[in-house]
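First comes the structure, then the notes that go with it.
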Amino acid sequence: MSTKLSITISFVLIAIAALVGLALYAQLPDPMPSHWNAAGEIDGYMSKFWGVFMMPLMTFGITLLLVAVPSIDPLKSNIDQFRGIYNAFIVVFVVYMLYVYALTMGASLGYEFNMTIMLLPAMGLLFIGIGYMMKSAKRNFFIGIRTPWTLSNDYVWDETHKLGAKTFMAGGVLVIISSFFGENGVWLMLVGLLVAALVPVVYSYILFARLAKK
């Protein structure tokens with residue numbers, strides 16, 4: 001996906017979300033639900049203004065940052081090698097954030113559902129998307145598994161990200177499966193996230209240590 005197309009799709013989606021929130025403003029309660037516990041029940045609120053506009057504004061800001069990253073990274077040429085996949089991931093991220101926003105709007109309008117069950121499959125798909133991007137990621141300072149050992153060696157980076165792609169995808173699948181276990185599924189979700197994040201970090205050190213011995 002081209003950078004221009006990624007930016008256009010992302011900003012159009014954010015604008016649509018903000019306009020929908022504005023159109024629904026009069027129907028929404030004040031305060032609005034803003035936080036849910038592990039059981040998927042509302043346990044926190046915020047003012048209507050921030051409930052409507054915080055998520056679109058935050059998504060817009062993070063998207064700007066994601067778009068800027070390739071331009072400020074000293075290893076910009078490496079990011080260019082997987083820029084198409086990275087651009088597609090930006091759109092995936094925006095869709096995920098606006099899905100959360102849509103759930104918040106729905107809960108505020110009185111629709112009853114379990115937030116945890118609704119959110120976990122989307123979170124799992126996001127992790128699978130991260131894993132897919134990792135397969136192609138080249139060494140850089142902002143995107144990927146950035147440990148002292150991956151940043152210092154291309155071989156360690158590449159091999160760590162091959163494994164990281166698998167662990168993030170596996171973690172994503174576990175997160176999706178966890179949605180079928182209700183409140184107890186949160187523990188399975190945490191296991192999936194820990195496996196996805198920690199295993200590649202440890203592996204990168206092991207690879208680097210082996211190279212150092214040679």
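Each chain of the structure tokens is named A, B, ... in the order shown, its residues numbered from 1; ligands are numbered from 1 in display order.
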Those in chain A with strand (DSSP E or B) from DSSP, as an MDAnalysis selection string:
chainID A and resid 32:36 42:46
Neighbour list for A:Val175 as a ChimeraX atom specification, cut-off 10 Å, only C-alpha atoms, skip fewer than 4 positions in-chain:
/A:119-125,127-128,169-171,179-180,185-193
Write the residues you've just listed into a file as a PDB file, in the first residue's frame, and include N, CA and C atoms for each of them.
ATOM      1  N   LEU A 119     -14.032  -7.086  22.422  1.00  0.00           N
ATOM      2  CA  LEU A 119     -12.742  -6.458  22.145  1.00  0.00           C
ATOM      3  C   LEU A 119     -11.622  -7.458  21.857  1.00  0.00           C
ATOM      4  N   LEU A 120     -11.623  -8.596  22.541  1.00  0.00           N
ATOM      5  CA  LEU A 120     -10.497  -9.523  22.424  1.00  0.00           C
ATOM      6  C   LEU A 120     -10.250 -10.039  21.002  1.00  0.00           C
ATOM      7  N   PRO A 121     -11.291 -10.417  20.234  1.00  0.00           N
ATOM      8  CA  PRO A 121     -10.998 -10.873  18.862  1.00  0.00           C
ATOM      9  C   PRO A 121     -10.300  -9.801  18.025  1.00  0.00           C
ATOM     10  N   ALA A 122     -10.725  -8.540  18.178  1.00  0.00           N
ATOM     11  CA  ALA A 122     -10.077  -7.456  17.427  1.00  0.00           C
ATOM     12  C   ALA A 122      -8.632  -7.281  17.875  1.00  0.00           C
ATOM     13  N   MET A 123      -8.380  -7.397  19.172  1.00  0.00           N
ATOM     14  CA  MET A 123      -7.019  -7.295  19.689  1.00  0.00           C
ATOM     15  C   MET A 123      -6.158  -8.430  19.137  1.00  0.00           C
ATOM     16  N   GLY A 124      -6.731  -9.632  19.074  1.00  0.00           N
ATOM     17  CA  GLY A 124      -6.007 -10.766  18.522  1.00  0.00           C
ATOM     18  C   GLY A 124      -5.641 -10.549  17.060  1.00  0.00           C
ATOM     19  N   LEU A 125      -6.572 -10.006  16.279  1.00  0.00           N
ATOM     20  CA  LEU A 125      -6.298  -9.728  14.870  1.00  0.00           C
ATOM     21  C   LEU A 125      -5.215  -8.658  14.724  1.00  0.00           C
ATOM     22  N   PHE A 127      -2.699  -8.221  16.778  1.00  0.00           N
ATOM     23  CA  PHE A 127      -1.416  -8.893  17.030  1.00  0.00           C
ATOM     24  C   PHE A 127      -0.998  -9.755  15.839  1.00  0.00           C
ATOM     25  N   ILE A 128      -1.952 -10.380  15.191  1.00  0.00           N
ATOM     26  CA  ILE A 128      -1.626 -11.149  13.988  1.00  0.00           C
ATOM     27  C   ILE A 128      -1.087 -10.216  12.906  1.00  0.00           C
ATOM     28  N   MET A 169       1.807 -13.893  16.026  1.00  0.00           N
ATOM     29  CA  MET A 169       0.628 -14.496  15.400  1.00  0.00           C
ATOM     30  C   MET A 169      -0.001 -15.534  16.325  1.00  0.00           C
ATOM     31  N   ALA A 170       0.859 -16.344  16.966  1.00  0.00           N
ATOM     32  CA  ALA A 170       0.343 -17.335  17.910  1.00  0.00           C
ATOM     33  C   ALA A 170      -0.332 -16.654  19.090  1.00  0.00           C
ATOM     34  N   GLY A 171       0.298 -15.579  19.577  1.00  0.00           N
ATOM     35  CA  GLY A 171      -0.298 -14.817  20.662  1.00  0.00           C
ATOM     36  C   GLY A 171      -1.640 -14.234  20.258  1.00  0.00           C
ATOM     37  N   SER A 179     -11.452 -15.077  24.040  1.00  0.00           N
ATOM     38  CA  SER A 179     -12.757 -14.406  24.064  1.00  0.00           C
ATOM     39  C   SER A 179     -13.896 -15.381  24.328  1.00  0.00           C
ATOM     40  N   PHE A 180     -13.637 -16.684  24.166  1.00  0.00           N
ATOM     41  CA  PHE A 180     -14.678 -17.686  24.384  1.00  0.00           C
ATOM     42  C   PHE A 180     -14.743 -18.153  25.840  1.00  0.00           C
ATOM     43  N   GLY A 185     -10.938 -15.738  30.424  1.00  0.00           N
ATOM     44  CA  GLY A 185     -10.143 -15.636  29.208  1.00  0.00           C
ATOM     45  C   GLY A 185      -9.071 -14.568  29.284  1.00  0.00           C
ATOM     46  N   VAL A 186      -9.199 -13.634  30.231  1.00  0.00           N
ATOM     47  CA  VAL A 186      -8.192 -12.584  30.382  1.00  0.00           C
ATOM     48  C   VAL A 186      -6.833 -13.183  30.696  1.00  0.00           C
ATOM     49  N   TRP A 187      -6.816 -14.266  31.485  1.00  0.00           N
ATOM     50  CA  TRP A 187      -5.543 -14.899  31.831  1.00  0.00           C
ATOM     51  C   TRP A 187      -4.897 -15.541  30.606  1.00  0.00           C
ATOM     52  N   LEU A 188      -5.722 -16.154  29.752  1.00  0.00           N
ATOM     53  CA  LEU A 188      -5.190 -16.728  28.518  1.00  0.00           C
ATOM     54  C   LEU A 188      -4.667 -15.624  27.616  1.00  0.00           C
ATOM     55  N   MET A 189      -5.371 -14.503  27.593  1.00  0.00           N
ATOM     56  CA  MET A 189      -4.913 -13.358  26.809  1.00  0.00           C
ATOM     57  C   MET A 189      -3.537 -12.892  27.294  1.00  0.00           C
ATOM     58  N   LEU A 190      -3.373 -12.786  28.610  1.00  0.00           N
ATOM     59  CA  LEU A 190      -2.094 -12.340  29.168  1.00  0.00           C
ATOM     60  C   LEU A 190      -0.964 -13.298  28.823  1.00  0.00           C
ATOM     61  N   VAL A 191      -1.256 -14.593  28.846  1.00  0.00           N
ATOM     62  CA  VAL A 191      -0.254 -15.589  28.455  1.00  0.00           C
ATOM     63  C   VAL A 191       0.153 -15.371  27.002  1.00  0.00           C
ATOM     64  N   GLY A 192      -0.837 -15.148  26.139  1.00  0.00           N
ATOM     65  CA  GLY A 192      -0.550 -14.917  24.731  1.00  0.00           C
ATOM     66  C   GLY A 192       0.319 -13.692  24.511  1.00  0.00           C
ATOM     67  N   LEU A 193       0.007 -12.617  25.221  1.00  0.00           N
ATOM     68  CA  LEU A 193       0.783 -11.388  25.069  1.00  0.00           C
ATOM     69  C   LEU A 193       2.199 -11.536  25.606  1.00  0.00           C
TER      70      LEU A 193
END
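Checking A:Leu75, A:Val52, A:Val156, A:Leu163 one by one against A:Tyr205, counting only C-alpha atoms, you find the shortest gap at A:Val156.
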Write out as a ChimeraX atom specification each polymer residue whose atoms come within 10 Å of A:Trp149, counting only C-alpha atoms; drop sequence neighbours fewer than 5 positions from it.
/A:154-157,160,201-209
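Nearest residue to A:Ser77, choosing from A:Asn140, A:Gln27, A:Thr150, A:Ser2 and counting only C-alpha atoms: A:Asn140.
Residue nearest A:Trp36, chosen from A:Phe11, A:Tyr132, A:Phe113, A:Phe142 and counting only C-alpha atoms: A:Phe113.
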Could you list, as a PyMOL selection string, every residue within 8 Å of A:Gly40, counting only C-alpha atoms and ignoring same-chain residues fewer than 4 positions away?
chain A and resi 36+114-117+183
Residues within 9 Å of A:Phe53, only C-alpha atoms, excluding chain neighbours under 5 positions, as a PyMOL selection string:
chain A and resi 18+21-22+48+58
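Counting only C-alpha atoms and comparing A:Ile79, A:Ile85, A:Ile16, A:Ile62, the residue that lies closest to A:Gly131 is A:Ile85.
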Need to verify the contact set: A:Met54, 12 Å, only C-alpha atoms, exclusion of same-chain residues closer than 5 positions in sequence. Can you return it as a PyMOL selection string?
chain A and resi 14+17-18+21+32+34+46-49+59-61+97-98+100-101+104
Residue neighbourhood A:Pro33, 10 Å, only C-alpha atoms, exclusion window fewer than 6 positions, as a JSON list (two decimals) with C-alpha atoms, in the first residue's frame:
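Saved file out38.json follows:
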[["chain", "number", "residue", "atom", "x", "y", "z"],
["A", 41, "GLU", "CA", -18.62, -4.46, 32.85],
["A", 42, "ILE", "CA", -18.46, -0.66, 32.96],
["A", 43, "ASP", "CA", -16.47, 0.58, 35.95],
["A", 44, "GLY", "CA", -15.34, 4.06, 34.88],
["A", 45, "TYR", "CA", -16.75, 7.22, 33.27],
["A", 46, "MET", "CA", -15.56, 10.47, 31.69],
["A", 47, "SER", "CA", -17.20, 13.68, 30.56],
["A", 48, "LYS", "CA", -19.22, 13.55, 27.35],
["A", 51, "GLY", "CA", -15.84, 10.62, 25.58],
["A", 104, "THR", "CA", -17.78, 2.91, 23.43],
["A", 105, "MET", "CA", -20.46, 4.80, 21.50],
["A", 106, "GLY", "CA", -22.69, 1.75, 21.49],
["A", 107, "ALA", "CA", -22.35, 1.23, 25.24],
["A", 108, "SER", "CA", -23.08, 4.93, 25.81],
["A", 109, "LEU", "CA", -26.26, 4.68, 23.75]]
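Shortest atom-to-atom contact with A:Leu66 among A:Asn37, A:Asn87, A:Ser178, A:Gln81: A:Asn87, counting only C-alpha atoms.
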Find the residue from A:Ile177, A:Met134, A:Ala165, A:Val195 that sits nearest to A:Phe89; use only C-alpha atoms when measuring.
A:Met134
Would you give me, as JSON, numbers by chain, the residues in stretch 103-194 of chain A that DSSP reads as alpha helix (DSSP H)?
{"A": [103, 104, 105, 106, 107, 108, 115, 116, 117, 118, 119, 120, 121, 122, 123, 124, 125, 126, 127, 128, 129, 130, 131, 132, 133, 134, 148, 149, 150, 151, 154, 155, 156, 157, 158, 159, 160, 161, 162, 163, 164, 165, 166, 167, 168, 169, 170, 171, 172, 173, 174, 175, 176, 177, 178, 185, 186, 187, 188, 189, 190, 191, 192, 193, 194]}
